[in-house]
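A.B. asks: input22.txt is the file, holding compact mmCIF, C-alpha atoms and all ligand atoms:
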```txt
# COMPACT_ATOMS: atom_id res chain seq x y z
CA MET A 29 19.18 -5.30 -13.51
CA TYR A 30 19.27 -1.66 -12.44
CA ARG A 31 18.35 -2.66 -8.91
CA LYS A 32 21.13 -2.29 -6.37
CA ASN A 33 21.48 -2.25 -2.63
CA ALA A 34 21.72 1.35 -1.45
CA TRP A 35 23.86 0.53 1.59
CA LYS A 36 26.76 -0.07 -0.83
CA LYS A 37 26.72 3.65 -1.63
CA TYR A 38 27.61 4.33 1.98
CA ALA A 39 30.18 1.58 2.55
CA ASP A 40 32.79 4.18 3.50
CA ASN A 41 30.56 6.46 5.51
CA GLN A 42 27.23 5.38 6.92
CA SER A 43 27.02 8.23 9.38
CA VAL A 44 25.16 10.52 6.97
CA VAL A 45 22.39 7.89 6.80
CA PHE A 46 22.36 7.22 10.54
CA ASP A 47 22.44 10.90 11.51
CA PHE A 48 19.51 11.68 9.26
CA ALA A 49 17.59 8.81 10.88
CA GLU A 50 18.22 10.20 14.39
CA ASP A 51 16.42 13.44 13.57
CA TYR A 52 13.62 11.53 11.89
CA LYS A 53 13.14 9.27 14.93
CA ARG A 54 12.78 12.33 17.12
CA PHE A 55 10.19 13.78 14.74
CA LEU A 56 8.23 10.52 14.58
CA SER A 57 8.24 10.16 18.37
CA GLU A 58 6.99 13.71 18.89
CA CYS A 59 4.48 14.00 16.07
CA LYS A 60 1.81 11.36 16.44
CA THR A 61 -1.08 13.39 15.04
CA GLU A 62 -1.61 15.54 11.95
CA ARG A 63 -1.78 18.63 14.16
CA LEU A 64 1.56 17.85 15.76
CA VAL A 65 3.17 17.31 12.36
CA THR A 66 1.72 20.61 11.18
CA ARG A 67 3.10 22.45 14.18
CA PHE A 68 6.49 20.79 13.74
CA ALA A 69 6.53 21.74 10.04
CA VAL A 70 5.65 25.38 10.76
CA LYS A 71 8.41 25.61 13.34
CA LEU A 72 11.02 24.32 10.90
CA LEU A 73 9.69 26.41 8.03
CA GLU A 74 9.96 29.59 10.10
CA LYS A 75 13.44 28.66 11.20
CA LYS A 76 14.42 28.34 7.54
CA GLY A 77 13.01 31.75 6.65
CA PHE A 78 9.58 30.77 5.33
CA VAL A 79 6.89 33.37 6.05
CA SER A 80 3.22 32.75 6.71
CA ALA A 81 1.10 33.93 3.76
CA ASP A 82 -1.18 35.67 6.28
CA LYS A 83 1.60 38.11 7.07
CA ILE A 84 2.42 39.33 3.57
CA LYS A 85 0.70 41.43 0.92
CA SER A 86 2.88 40.52 -2.05
CA ALA A 87 5.52 38.02 -3.12
CA LYS A 88 8.37 37.79 -5.59
CA LYS A 89 10.86 35.31 -7.02
CA GLY A 90 12.95 33.61 -4.39
CA ASP A 91 10.42 34.15 -1.60
CA LYS A 92 9.62 31.34 0.80
CA ILE A 93 5.98 31.21 1.85
CA TYR A 94 3.74 28.77 3.68
CA PHE A 95 0.02 28.30 4.22
CA VAL A 96 -1.67 26.36 7.03
CA ASN A 97 -5.19 24.99 6.78
CA LYS A 98 -7.19 24.39 9.96
CA ASN A 99 -4.06 23.30 11.85
CA LYS A 100 -3.94 20.07 9.83
CA ASN A 101 -2.50 20.93 6.41
CA VAL A 102 0.61 22.75 5.35
CA ALA A 103 1.57 23.94 1.89
CA ALA A 104 5.01 25.53 1.60
CA PHE A 105 6.54 27.16 -1.46
CA ILE A 106 9.79 28.55 -2.79
CA ILE A 107 8.94 30.89 -5.63
CA GLY A 108 10.94 30.03 -8.75
CA GLU A 109 12.29 32.01 -11.70
CA LYS A 110 9.56 31.07 -14.15
CA ALA A 111 6.01 32.34 -14.07
CA LEU A 112 3.62 30.36 -11.90
CA ASN A 113 1.52 29.26 -14.87
CA GLU A 114 4.50 27.32 -16.20
CA GLY A 115 3.85 24.89 -13.39
CA LEU A 116 5.29 23.87 -10.05
CA ARG A 117 7.38 20.98 -8.80
CA ILE A 118 5.31 19.45 -6.03
CA LEU A 119 5.98 16.92 -3.28
CA GLY A 120 2.79 15.77 -1.58
CA ALA A 121 2.48 13.48 1.42
CA HIS A 122 -0.17 12.69 4.00
CA ILE A 123 0.33 13.22 7.70
CA ASP A 124 -2.58 11.22 9.11
CA SER A 125 -1.99 7.61 10.17
CA PRO A 126 -4.27 4.72 11.11
CA ARG A 127 -5.33 4.82 14.76
CA LEU A 128 -8.33 4.71 17.08
CA ASP A 129 -10.38 7.85 17.74
CA LEU A 130 -12.40 8.43 20.89
CA LYS A 131 -16.14 8.62 20.15
CA GLU A 132 -18.23 11.70 20.96
CA ASN A 133 -19.60 10.04 24.10
CA PRO A 134 -16.63 7.88 24.95
CA VAL A 135 -16.50 7.32 28.70
CA TYR A 136 -18.60 4.59 30.31
CA GLU A 137 -18.43 2.29 33.31
CA SER A 138 -18.78 -1.45 33.40
CA LYS A 139 -18.29 -3.73 36.41
CA GLY A 140 -15.69 -1.65 38.16
CA PHE A 141 -13.92 -0.35 35.05
CA ALA A 142 -14.07 3.02 33.38
CA LEU A 143 -13.64 2.53 29.65
CA GLY A 144 -13.25 4.72 26.58
CA ASP A 145 -15.21 3.85 23.46
CA THR A 146 -13.34 4.25 20.17
CA HIS A 147 -13.96 4.16 16.44
CA TYR A 148 -11.00 3.06 14.38
CA TYR A 149 -9.62 5.42 11.74
CA GLY A 150 -8.22 3.97 8.53
CA GLY A 151 -7.47 0.36 7.73
CA VAL A 152 -6.39 -1.54 10.81
CA LYS A 153 -5.98 -5.23 11.57
CA LYS A 154 -7.84 -5.01 14.85
CA TYR A 155 -6.02 -7.85 16.58
CA GLN A 156 -2.78 -5.82 16.36
CA TRP A 157 -4.15 -3.05 18.57
CA VAL A 158 -4.95 -5.06 21.69
CA THR A 159 -2.48 -5.62 24.57
CA VAL A 160 -0.12 -2.86 23.44
CA PRO A 161 0.55 0.33 25.43
CA LEU A 162 -1.44 3.21 23.98
CA ALA A 163 -1.28 6.98 24.42
CA LEU A 164 -3.87 9.73 24.01
CA HIS A 165 -3.08 12.74 21.86
CA GLY A 166 -5.31 15.49 20.59
CA VAL A 167 -7.46 18.45 21.43
CA ILE A 168 -10.65 19.13 23.33
CA CYS A 169 -12.45 22.25 22.16
CA LYS A 170 -14.62 23.97 24.73
CA LYS A 171 -17.66 26.13 24.09
CA ASP A 172 -15.82 29.22 25.32
CA GLY A 173 -13.34 28.82 22.48
CA THR A 174 -10.45 27.40 24.47
CA VAL A 175 -8.64 24.47 22.95
CA VAL A 176 -7.16 22.06 25.47
CA GLU A 177 -4.26 19.99 24.30
CA VAL A 178 -4.16 16.40 25.51
CA ASN A 179 -1.02 14.30 25.74
CA ILE A 180 -1.14 11.27 28.03
CA GLY A 181 1.12 8.26 27.85
CA GLU A 182 4.45 9.50 26.51
CA ALA A 183 6.29 10.86 29.54
CA GLU A 184 8.22 8.34 31.63
CA ASP A 185 5.91 8.76 34.65
CA ASP A 186 2.70 9.05 32.63
CA PRO A 187 0.19 6.22 32.68
CA VAL A 188 -0.61 4.46 29.42
CA VAL A 189 -3.97 3.06 28.36
CA GLY A 190 -4.71 -0.05 26.37
CA ILE A 191 -7.21 -2.59 25.07
CA THR A 192 -7.54 -5.91 26.81
CA ASP A 193 -7.71 -9.28 25.07
CA LEU A 194 -8.90 -12.66 26.25
CA LEU A 195 -6.44 -14.92 28.01
CA ILE A 196 -5.41 -17.92 25.92
CA HIS A 197 -7.00 -20.27 28.48
CA LEU A 198 -10.50 -19.05 27.65
CA SER A 199 -10.10 -18.30 23.97
CA ALA A 200 -11.50 -21.48 22.47
CA ASP A 201 -14.39 -19.67 20.77
CA GLN A 202 -12.35 -16.63 19.80
CA GLN A 203 -9.52 -18.68 18.30
CA ALA A 204 -11.96 -20.55 16.07
CA LYS A 205 -13.04 -17.29 14.42
CA PRO A 206 -11.42 -15.91 11.26
CA LEU A 207 -8.71 -13.31 12.03
CA GLY A 208 -10.85 -10.41 10.85
CA LYS A 209 -13.70 -11.37 13.17
CA ALA A 210 -11.80 -12.41 16.30
CA ILE A 211 -11.75 -8.81 17.60
CA GLU A 212 -14.78 -6.66 16.77
CA GLY A 213 -14.45 -2.94 16.10
CA GLU A 214 -16.93 -2.17 18.83
CA ASP A 215 -14.71 -4.03 21.31
CA LEU A 216 -11.70 -1.77 20.76
CA ASP A 217 -12.35 0.12 23.99
CA ILE A 218 -9.56 1.42 26.15
CA SER A 219 -9.27 0.94 29.90
CA LEU A 220 -9.25 4.27 31.74
CA GLY A 221 -9.47 3.40 35.42
CA SER A 222 -10.66 1.14 38.22
CA ILE A 223 -10.88 3.12 41.48
CA PRO A 224 -14.40 3.96 42.68
CA VAL A 225 -14.26 7.29 44.49
CA ASP A 226 -17.62 8.35 45.72
CA GLU A 227 -19.90 5.40 46.42
CA LYS A 228 -22.89 7.73 46.22
CA GLU A 229 -22.21 8.12 42.51
CA LYS A 230 -24.07 5.75 40.22
CA GLU A 231 -20.86 5.20 38.27
CA PRO A 232 -18.10 5.86 40.82
CA VAL A 233 -15.14 4.73 38.69
CA LYS A 234 -16.17 6.80 35.72
CA ALA A 235 -16.78 9.73 38.07
CA ASN A 236 -13.23 9.42 39.33
CA VAL A 237 -11.74 9.38 35.84
CA LEU A 238 -13.79 12.44 34.88
CA ARG A 239 -12.65 14.17 38.07
CA LEU A 240 -9.00 13.51 37.16
CA LEU A 241 -9.56 14.86 33.66
CA LYS A 242 -11.26 17.92 35.09
CA GLU A 243 -8.35 18.55 37.42
CA LYS A 244 -5.78 18.19 34.70
CA TYR A 245 -7.58 19.81 31.77
CA GLN A 246 -10.53 21.77 33.22
CA ILE A 247 -12.98 19.86 31.03
CA GLU A 248 -16.45 18.42 31.54
CA GLU A 249 -17.63 15.11 30.14
CA GLU A 250 -19.72 16.98 27.59
CA ASP A 251 -16.58 18.56 26.10
CA PHE A 252 -15.63 15.21 24.54
CA ILE A 253 -18.35 15.98 21.98
CA SER A 254 -16.12 18.56 20.36
CA ALA A 255 -12.83 16.77 20.78
CA GLU A 256 -10.33 15.01 18.58
CA ILE A 257 -8.56 12.51 20.78
CA GLU A 258 -6.45 9.99 18.93
CA VAL A 259 -5.48 6.74 20.59
CA VAL A 260 -2.05 5.84 19.27
CA PRO A 261 0.82 3.53 20.23
CA ALA A 262 2.74 4.91 23.21
CA GLY A 263 6.49 5.28 23.24
CA LYS A 264 9.30 6.40 21.01
CA ALA A 265 10.54 5.29 17.63
CA ARG A 266 13.58 3.04 18.02
CA ASP A 267 16.35 1.39 16.10
CA TYR A 268 15.35 -2.02 14.80
CA GLY A 269 17.66 -4.92 14.05
CA LEU A 270 21.00 -5.72 15.64
CA ASP A 271 22.76 -3.66 12.99
CA LYS A 272 20.39 -0.74 13.69
CA SER A 273 19.68 -0.53 9.97
CA MET A 274 15.94 -0.05 10.45
CA ILE A 275 13.50 2.06 12.46
CA ALA A 276 10.51 0.71 14.36
CA GLY A 277 7.83 3.26 15.07
CA TYR A 278 4.26 4.35 14.75
CA GLY A 279 3.15 6.29 11.67
CA HIS A 280 5.90 5.73 9.06
CA ASP A 281 2.87 5.69 6.72
CA ASP A 282 3.10 8.39 5.74
CA ARG A 283 5.16 10.54 8.03
CA SER A 284 8.40 9.06 6.70
CA CYS A 285 7.57 10.53 3.28
CA ALA A 286 6.12 13.71 4.79
CA TYR A 287 9.32 14.31 6.75
CA THR A 288 11.68 13.62 3.85
CA SER A 289 9.56 15.75 1.49
CA LEU A 290 9.53 18.64 3.94
CA MET A 291 13.28 18.33 4.53
CA ALA A 292 13.87 18.28 0.79
CA LEU A 293 12.03 21.58 0.40
CA LEU A 294 13.70 23.12 3.45
CA ASP A 295 17.12 22.24 2.06
CA SER A 296 16.33 23.54 -1.44
CA GLU A 297 17.14 26.88 -3.01
CA ALA A 298 14.92 28.79 -5.40
CA GLY A 299 15.07 27.12 -8.82
CA ALA A 300 13.57 27.60 -12.26
CA TYR A 301 10.15 26.37 -11.19
CA THR A 302 8.29 27.13 -7.98
CA SER A 303 8.85 24.30 -5.50
CA CYS A 304 6.14 23.06 -3.20
CA CYS A 305 5.65 20.63 -0.37
CA ILE A 306 2.06 19.91 0.58
CA LEU A 307 1.11 17.85 3.61
CA VAL A 308 -2.48 16.64 3.76
CA ASP A 309 -4.80 14.95 6.22
CA LYS A 310 -7.48 12.22 5.88
CA GLU A 311 -5.71 10.07 3.27
CA GLU A 312 -6.37 6.97 5.34
CA ILE A 313 -10.12 7.52 5.11
CA GLY A 314 -10.30 8.52 1.46
CA SER A 315 -8.70 12.00 1.38
CA VAL A 316 -12.09 13.49 2.21
CA GLY A 317 -13.12 16.63 4.08
CA ALA A 318 -11.74 20.15 4.30
CA THR A 319 -8.23 19.00 5.19
CA GLY A 320 -7.99 16.00 2.84
CA ALA A 321 -6.37 16.03 -0.60
CA GLN A 322 -9.78 16.34 -2.29
CA SER A 323 -10.38 19.68 -0.58
CA LEU A 324 -10.14 22.81 -2.71
CA PHE A 325 -7.60 24.08 -0.19
CA PHE A 326 -4.65 23.39 -2.46
CA GLU A 327 -6.21 24.93 -5.55
CA ASN A 328 -7.18 28.00 -3.51
CA VAL A 329 -3.67 28.28 -2.14
CA ILE A 330 -2.20 28.35 -5.64
CA ALA A 331 -4.68 31.10 -6.54
CA LYS A 332 -3.69 33.03 -3.40
CA LEU A 333 -0.06 32.61 -4.37
CA ALA A 334 -0.87 33.98 -7.84
CA SER A 335 -2.55 36.97 -6.30
CA LEU A 336 0.42 37.58 -4.01
CA LEU A 337 2.50 37.57 -7.19
CA LYS A 338 0.09 40.24 -8.54
CA ASP A 339 -1.25 38.00 -11.27
CA ALA A 340 -4.15 39.58 -13.18
CA ASN A 341 -6.30 36.44 -13.11
CA PRO A 342 -5.28 34.31 -10.13
CA MET A 343 -8.03 31.67 -10.40
CA TRP A 344 -7.24 30.87 -14.01
CA THR A 345 -3.50 31.04 -13.41
CA ALA A 346 -3.94 28.54 -10.59
CA ARG A 347 -5.67 26.09 -12.94
CA VAL A 348 -3.02 26.47 -15.62
CA ALA A 349 -0.24 26.24 -13.04
CA LEU A 350 -1.67 23.01 -11.67
CA GLU A 351 -2.09 21.54 -15.14
CA ASN A 352 1.54 22.28 -15.98
CA SER A 353 2.86 21.00 -12.66
CA LYS A 354 4.83 17.87 -12.01
CA MET A 355 4.45 15.96 -8.81
CA LEU A 356 5.81 13.14 -6.76
CA SER A 357 3.06 11.70 -4.61
CA SER A 358 5.22 10.91 -1.61
CA ASP A 359 3.61 7.87 -0.07
CA VAL A 360 4.88 4.62 1.30
CA SER A 361 4.91 1.31 -0.48
CA ALA A 362 4.61 -2.29 0.72
CA ALA A 363 7.99 -3.87 1.39
CA TYR A 364 8.75 -7.47 0.52
CA ASP A 365 8.44 -9.59 3.65
CA PRO A 366 10.28 -12.93 3.46
CA LEU A 367 7.74 -14.40 5.89
CA TYR A 368 4.89 -13.58 3.51
CA ALA A 369 6.62 -13.87 0.16
CA SER A 370 3.61 -15.31 -1.63
CA VAL A 371 1.65 -12.02 -1.77
CA ASN A 372 4.25 -10.37 -4.01
CA ASP A 373 5.47 -10.72 -7.55
CA PRO A 374 9.21 -10.88 -6.77
CA ARG A 375 10.18 -8.94 -9.93
CA ASN A 376 7.72 -6.15 -9.17
CA CYS A 377 7.89 -5.49 -5.49
CA ALA A 378 9.86 -3.23 -3.18
CA TYR A 379 12.84 -4.46 -1.20
CA PHE A 380 14.34 -2.96 1.93
CA GLY A 381 17.59 -1.17 1.26
CA GLU A 382 17.04 -0.67 -2.46
CA GLY A 383 16.07 2.96 -2.22
CA ILE A 384 12.99 5.01 -2.95
CA VAL A 385 10.12 3.09 -4.54
CA PHE A 386 8.28 4.28 -7.64
CA ASN A 387 4.79 2.96 -8.18
CA LYS A 388 3.59 3.67 -11.70
CA TYR A 389 0.20 2.62 -10.45
CA THR A 390 -1.44 1.39 -7.28
CA GLY A 391 -5.14 0.48 -7.05
CA SER A 392 -6.80 -2.88 -6.80
CA ARG A 393 -8.68 -5.36 -9.02
CA GLY A 394 -7.15 -4.23 -12.29
CA LYS A 395 -5.55 -0.91 -11.22
CA SER A 396 -8.94 0.40 -10.16
CA GLY A 397 -8.69 3.72 -8.35
CA SER A 398 -5.10 4.24 -9.39
CA ASN A 399 -3.36 7.19 -11.00
CA ASP A 400 -1.26 5.13 -13.45
CA ALA A 401 1.44 7.63 -14.36
CA ASN A 402 2.22 8.54 -17.97
CA PRO A 403 5.34 6.79 -19.26
CA GLU A 404 6.65 10.00 -20.82
CA TYR A 405 6.67 11.55 -17.38
CA TYR A 406 8.08 8.42 -15.75
CA ALA A 407 11.01 8.56 -18.19
CA GLU A 408 11.76 12.15 -17.13
CA VAL A 409 11.73 11.14 -13.49
CA ARG A 410 14.04 8.15 -14.15
CA LYS A 411 16.48 10.52 -15.78
CA ILE A 412 16.42 12.88 -12.79
CA MET A 413 17.00 10.00 -10.37
CA ASP A 414 19.86 8.47 -12.33
CA GLU A 415 21.61 11.78 -12.89
CA ALA A 416 21.45 12.46 -9.15
CA ASN A 417 22.72 8.94 -8.40
CA VAL A 418 19.65 8.14 -6.30
CA ALA A 419 19.01 4.50 -5.43
CA TRP A 420 15.51 3.74 -6.63
CA GLN A 421 13.33 0.75 -7.41
CA THR A 422 9.94 0.03 -8.86
CA ALA A 423 7.06 -1.91 -7.38
CA GLU A 424 3.42 -2.80 -7.51
CA LEU A 425 1.38 -3.13 -4.37
CA GLY A 426 1.42 -6.92 -4.19
CA LYS A 427 0.41 -9.56 -6.69
CA VAL A 428 -2.43 -8.95 -9.11
CA ASP A 429 -5.74 -9.75 -7.37
CA GLN A 430 -4.08 -9.95 -3.95
CA GLY A 431 -5.57 -6.69 -2.70
CA GLY A 432 -4.27 -3.21 -3.27
CA GLY A 433 -4.45 0.33 -2.04
CA GLY A 434 -4.42 3.94 -3.07
CA THR A 435 -2.69 7.26 -2.50
CA ILE A 436 -3.43 10.93 -3.19
CA ALA A 437 -1.80 10.68 -6.65
CA TYR A 438 -5.03 10.38 -8.64
CA ILE A 439 -6.58 13.39 -6.89
CA LEU A 440 -3.83 15.73 -8.03
CA GLY A 441 -3.94 13.91 -11.36
CA ASN A 442 -7.46 15.31 -11.71
CA TYR A 443 -5.85 18.71 -12.34
CA ASN A 444 -4.30 17.10 -15.40
CA MET A 445 -0.84 17.31 -13.88
CA ASN A 446 1.76 14.58 -14.19
CA VAL A 447 1.98 12.63 -10.94
CA ILE A 448 3.77 9.47 -9.92
CA ASP A 449 3.89 7.73 -6.56
CA ALA A 450 7.32 7.68 -4.97
CA GLY A 451 7.98 6.71 -1.38
CA ILE A 452 9.55 4.48 1.22
CA ALA A 453 8.97 0.74 1.55
CA VAL A 454 7.30 -0.21 4.84
CA LEU A 455 6.96 -3.50 6.69
CA ASN A 456 3.98 -4.04 9.01
CA MET A 457 2.15 -1.21 7.26
CA HIS A 458 -0.73 0.15 9.38
CA ALA A 459 0.37 -1.87 12.43
CA PRO A 460 1.14 -0.09 15.72
CA MET A 461 4.81 -0.81 15.00
CA GLU A 462 5.77 -0.15 11.40
CA ILE A 463 9.32 -0.69 10.09
CA ILE A 464 11.39 1.16 7.50
CA SER A 465 15.01 1.00 6.37
CA LYS A 466 17.23 3.95 7.28
CA VAL A 467 18.93 3.94 3.91
CA ASP A 468 15.58 4.03 2.10
CA LEU A 469 14.60 7.01 4.24
CA TYR A 470 17.76 8.83 3.20
CA GLU A 471 17.44 7.91 -0.46
CA ALA A 472 13.88 9.23 -0.42
CA TYR A 473 15.20 12.54 0.88
CA LEU A 474 17.82 12.61 -1.89
CA ALA A 475 15.21 11.70 -4.50
CA TYR A 476 12.84 14.45 -3.39
CA ARG A 477 15.66 16.98 -3.40
CA ALA A 478 16.76 15.96 -6.89
CA PHE A 479 13.16 16.27 -8.09
CA LEU A 480 12.79 19.82 -6.77
CA LYS A 481 16.01 20.85 -8.53
MN MN B 501 -0.03 6.16 2.87
MN MN B 502 -1.90 3.96 4.66
```
Can I see the file as structure tokens?
Ligand code: MN
Ligand code: MN
C.D. replies:
Amino acid sequence: MYRKNAWKKYADNQSVVFDFAEDYKRFLSECKTERLVTRFAVKLLEKKGFVSADKIKSAKKGDKIYFVNKNKNVAAFIIGEKALNEGLRILGAHIDSPRLDLKENPVYESKGFALGDTHYYGGVKKYQWVTVPLALHGVICKKDGTVVEVNIGEAEDDPVVGITDLLIHLSADQQAKPLGKAIEGEDLDISLGSIPVDEKEKEPVKANVLRLLKEKYQIEEEDFISAEIEVVPAGKARDYGLDKSMIAGYGHDDRSCAYTSLMALLDSEAGAYTSCCILVDKEEIGSVGATGAQSLFFENVIAKLASLLKDANPMWTARVALENSKMLSSDVSAAYDPLYASVNDPRNCAYFGEGIVFNKYTGSRGKSGSNDANPEYYAEVRKIMDEANVAWQTAELGKVDQGGGGTIAYILGNYNMNVIDAGIAVLNMHAPMEIISKVDLYEAYLAYRAFLK
């Protein structure tokens, strides 16, 4: 078999793998929302000489340019030798992760508690989100145009929030329910406080919490209407396993692939084809909306790029460029879990430590909703990987009829471009604590770099 354990490549020197993981852990700990990833990406892009498209009137071969969309998407390019309509080499990842969002009218009081009402975002197993320390990240947008940034629960002396669960002693009814029903979505409310301040207030505990928020952020209760507060696991990404071979953290799906894709572009030079890294939002809820992969943002950006290159017909060039492009849809894959072996076909699943995972197709119930890459293209990609000595493996998302999932691959496939899913295997996917292998992270970086070459 072509499968091999990637750690063997580094038997003499593991430090390259471990050093890369240190920087990634810092990124993952700091960037728990799409906006924070976007800001991080822009900072690194500028440091590496990329220029915002807003600041230039024209572009030429070798230029490094980036576009930002509504603070939640980034598309960065290195202009290649060949004309744009000959196609690009694209790495695309999503930077949103499953979480709980505060509702528009979130704060309420009940029997001495102030609570925050949430609506979960993406696919979550609800029982995993109770009794874990949670943090609040996001923005509150006021009518006067100011945007207040919220970050509570990460600093050492910050409080955390959380969702309570029943004590085992009184859980007879709850424990008899199926796992998916034991915790209801409407019960995923976070505890915000318990001190009543002014007894004249009808809801004195809530009033106190709102007072604290007003002091810290100069906001009124009504401002939550136009807010985007994400309730996410508190704390930093950490080494996992006694050999420190793995990383435990929140949001590996899909920030592990977003980070490695971005790094691959940042560390690339101008090549024959124009290179691109695109980071999108909303994948976990169907790639919808202005900042999701289905948005025309990306197509428009290619047209803008064509017009910066003084193309005579930028819209048409964009369409042709997209059609002739080749892409890796950088998204995570399900890792084989020895505790739940039965959900996988052992010959067609992803193993920790065996490198980047290629999924020819994802989908569910007979590949439904999947991109299903063309074998001609897959063969090209295999060649690139082998010539670059990248450790790679192939997988399906579980056994046939076991479930399934999707990525952004099919959306870019709609442009008639060749796309294949390629990403990092994850354990505990969508849980507050996801796990990846450090060597897989590094191999993904190497794979993305080889692809852009
Ligand atoms: Mn994903
Ligand atoms: Mn996901």
A.B. asks: Using only C-alpha atoms, give me every residue within 12 Å of (9.4, 3.1, -0.2) in file coordinates, as a PyMOL selection string.
C.D. replies: chain A and resi 280-285+288+357-364+377-387+419-425+449-455+457+463-473+475
A.B. asks: Nearest to A:Ile168 among A:Asn328, A:Ser219, A:Ser254, A:Thr61, with distances taken over only C-alpha atoms: which residue is it?
C.D. replies: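 Comparing A:Asn328, A:Ser219, A:Ser254, A:Thr61 against A:Ile168, the winner is A:Ser254.
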A.B. asks: Go through A:Thr319, A:Leu307, A:Asp217, A:Val329 and flag the residue nearest ligand MN 501 (chain B), using all atoms listed in the file for the distances.
C.D. replies: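 Going through A:Thr319, A:Leu307, A:Asp217, A:Val329 one by one, the smallest distance to ligand MN 501 (chain B) is for A:Leu307.
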A.B. asks: Around ligand MN 502 (chain B), which protein and nucleic acid residues have at least one atom no more than 9 Å from it, if we count all atoms listed in the file? List them as a list in words.
C.D. replies: His122, Asp124, Ser125, Pro126, Gly150, Gly151, Gly279, Asp281, Asp282, Glu311, Glu312, Ile313, Asp359, Val360, Ser361, Gly433, Gly434, Thr435, Met457 and His458 of chain A
A.B. asks: Which residue gives the smallest distance to ligand MN 501 (chain B) among A:Leu220, A:Ala163, A:Ala142, A:Ile436, with all atoms listed in the file counted?
C.D. replies: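 Counting all atoms listed in the file, the residue closest to ligand MN 501 (chain B) is A:Ile436.
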A.B. asks: Can you tell me, as a PDB file with C-alpha atoms, in the frame of the given file, which residues sit within 12 Å of (-11.9, 17.8, 34.1) in the file's frame, using all atoms listed in the file?
C.D. replies:
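Okay, this is what ended up in selection_3.pdb:
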```pdb
ATOM      1  CA  ILE A 168     -10.650  19.130  23.330  1.00  0.00           C
ATOM      2  CA  LYS A 170     -14.620  23.970  24.730  1.00  0.00           C
ATOM      3  CA  VAL A 176      -7.160  22.060  25.470  1.00  0.00           C
ATOM      4  CA  VAL A 178      -4.160  16.400  25.510  1.00  0.00           C
ATOM      5  CA  LYS A 234     -16.170   6.800  35.720  1.00  0.00           C
ATOM      6  CA  ALA A 235     -16.780   9.730  38.070  1.00  0.00           C
ATOM      7  CA  ASN A 236     -13.230   9.420  39.330  1.00  0.00           C
ATOM      8  CA  VAL A 237     -11.740   9.380  35.840  1.00  0.00           C
ATOM      9  CA  LEU A 238     -13.790  12.440  34.880  1.00  0.00           C
ATOM     10  CA  ARG A 239     -12.650  14.170  38.070  1.00  0.00           C
ATOM     11  CA  LEU A 240      -9.000  13.510  37.160  1.00  0.00           C
ATOM     12  CA  LEU A 241      -9.560  14.860  33.660  1.00  0.00           C
ATOM     13  CA  LYS A 242     -11.260  17.920  35.090  1.00  0.00           C
ATOM     14  CA  GLU A 243      -8.350  18.550  37.420  1.00  0.00           C
ATOM     15  CA  LYS A 244      -5.780  18.190  34.700  1.00  0.00           C
ATOM     16  CA  TYR A 245      -7.580  19.810  31.770  1.00  0.00           C
ATOM     17  CA  GLN A 246     -10.530  21.770  33.220  1.00  0.00           C
ATOM     18  CA  ILE A 247     -12.980  19.860  31.030  1.00  0.00           C
ATOM     19  CA  GLU A 248     -16.450  18.420  31.540  1.00  0.00           C
ATOM     20  CA  GLU A 249     -17.630  15.110  30.140  1.00  0.00           C
ATOM     21  CA  GLU A 250     -19.720  16.980  27.590  1.00  0.00           C
ATOM     22  CA  ASP A 251     -16.580  18.560  26.100  1.00  0.00           C
ATOM     23  CA  PHE A 252     -15.630  15.210  24.540  1.00  0.00           C
TER      24      PHE A 252
END
```
A.B. asks: For A:Ala183, list every protein, DNA or RNA residue within 12 Å, evaluated using only C-alpha atoms, and leave out those in the same chain fewer than 2 positions away; present the list as a ChimeraX atom specification.
C.D. replies: /A:57-58,163-164,179-181,185-188,262-264
A.B. asks: Tell me which of A:Lys272, A:Lys395, A:Lys71, A:Lys153 sits closest to A:Ser43, counting all atoms listed in the file.
C.D. replies: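 Selected residue with least distance to A:Ser43: A:Lys272.
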A.B. asks: Check the smallest atom-to-atom distance from each of A:Ile106, A:Ala255, A:Met413, A:Ala286 to ligand MN 501 (chain B) using all atoms listed in the file, then report the winner.
C.D. replies: A:Ala286
A.B. asks: Could you please determine the separation between atom CA of A:Gly394 and atom CA of A:Gly426 in Å, to one decimal place?
C.D. replies: 12.1 Å
A.B. asks: Pick out the closest residue to ligand MN 501 (chain B) from this set: A:Cys59, A:Ala121, A:Met274, A:Leu324. Count all atoms listed in the file.
C.D. replies: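 Closest to ligand MN 501 (chain B), using all atoms listed in the file: A:Ala121.
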A.B. asks: Quick one: distance from atom CA of A:Lys427 to atom CA of A:Ile448 in Å, one decimal?
C.D. replies: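 Straight-line distance from atom CA of A:Lys427 to atom CA of A:Ile448 works out to 19.6 Å.
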A.B. asks: Could you make a table, as a Markdown table, of the residues of stretch 131-167 of chain A that have an atom within 8 Å of an atom of stretch 221-228 of chain A, each with its nearest atom pair and distance in Å to one decimal, counting only C-alpha atoms, in chain and number order?
C.D. replies:
```
| residue | atom | partner | partner_atom | distance |
| --- | --- | --- | --- | --- |
| A:Gly140 | CA | A:Ser222 | CA | 5.8 |
| A:Phe141 | CA | A:Ser222 | CA | 4.8 |
| A:Ala142 | CA | A:Gly221 | CA | 5.0 |
| A:Leu143 | CA | A:Gly221 | CA | 7.2 |
```
A.B. asks: Suppose you want the space between atom CA of A:Asn113 and atom CA of A:Thr345; what is it in Å?
C.D. replies: 5.5 Å
A.B. asks: Determine, counting all atoms listed in the file, which protein, DNA and RNA residues have an atom within 10 Å of an atom of A:Asn444; residues of the same chain fewer than 5 positions away are not included. Present the result as a VMD selection string.
C.D. replies: chain A and resid 347 to 348 350 to 354 438 to 439
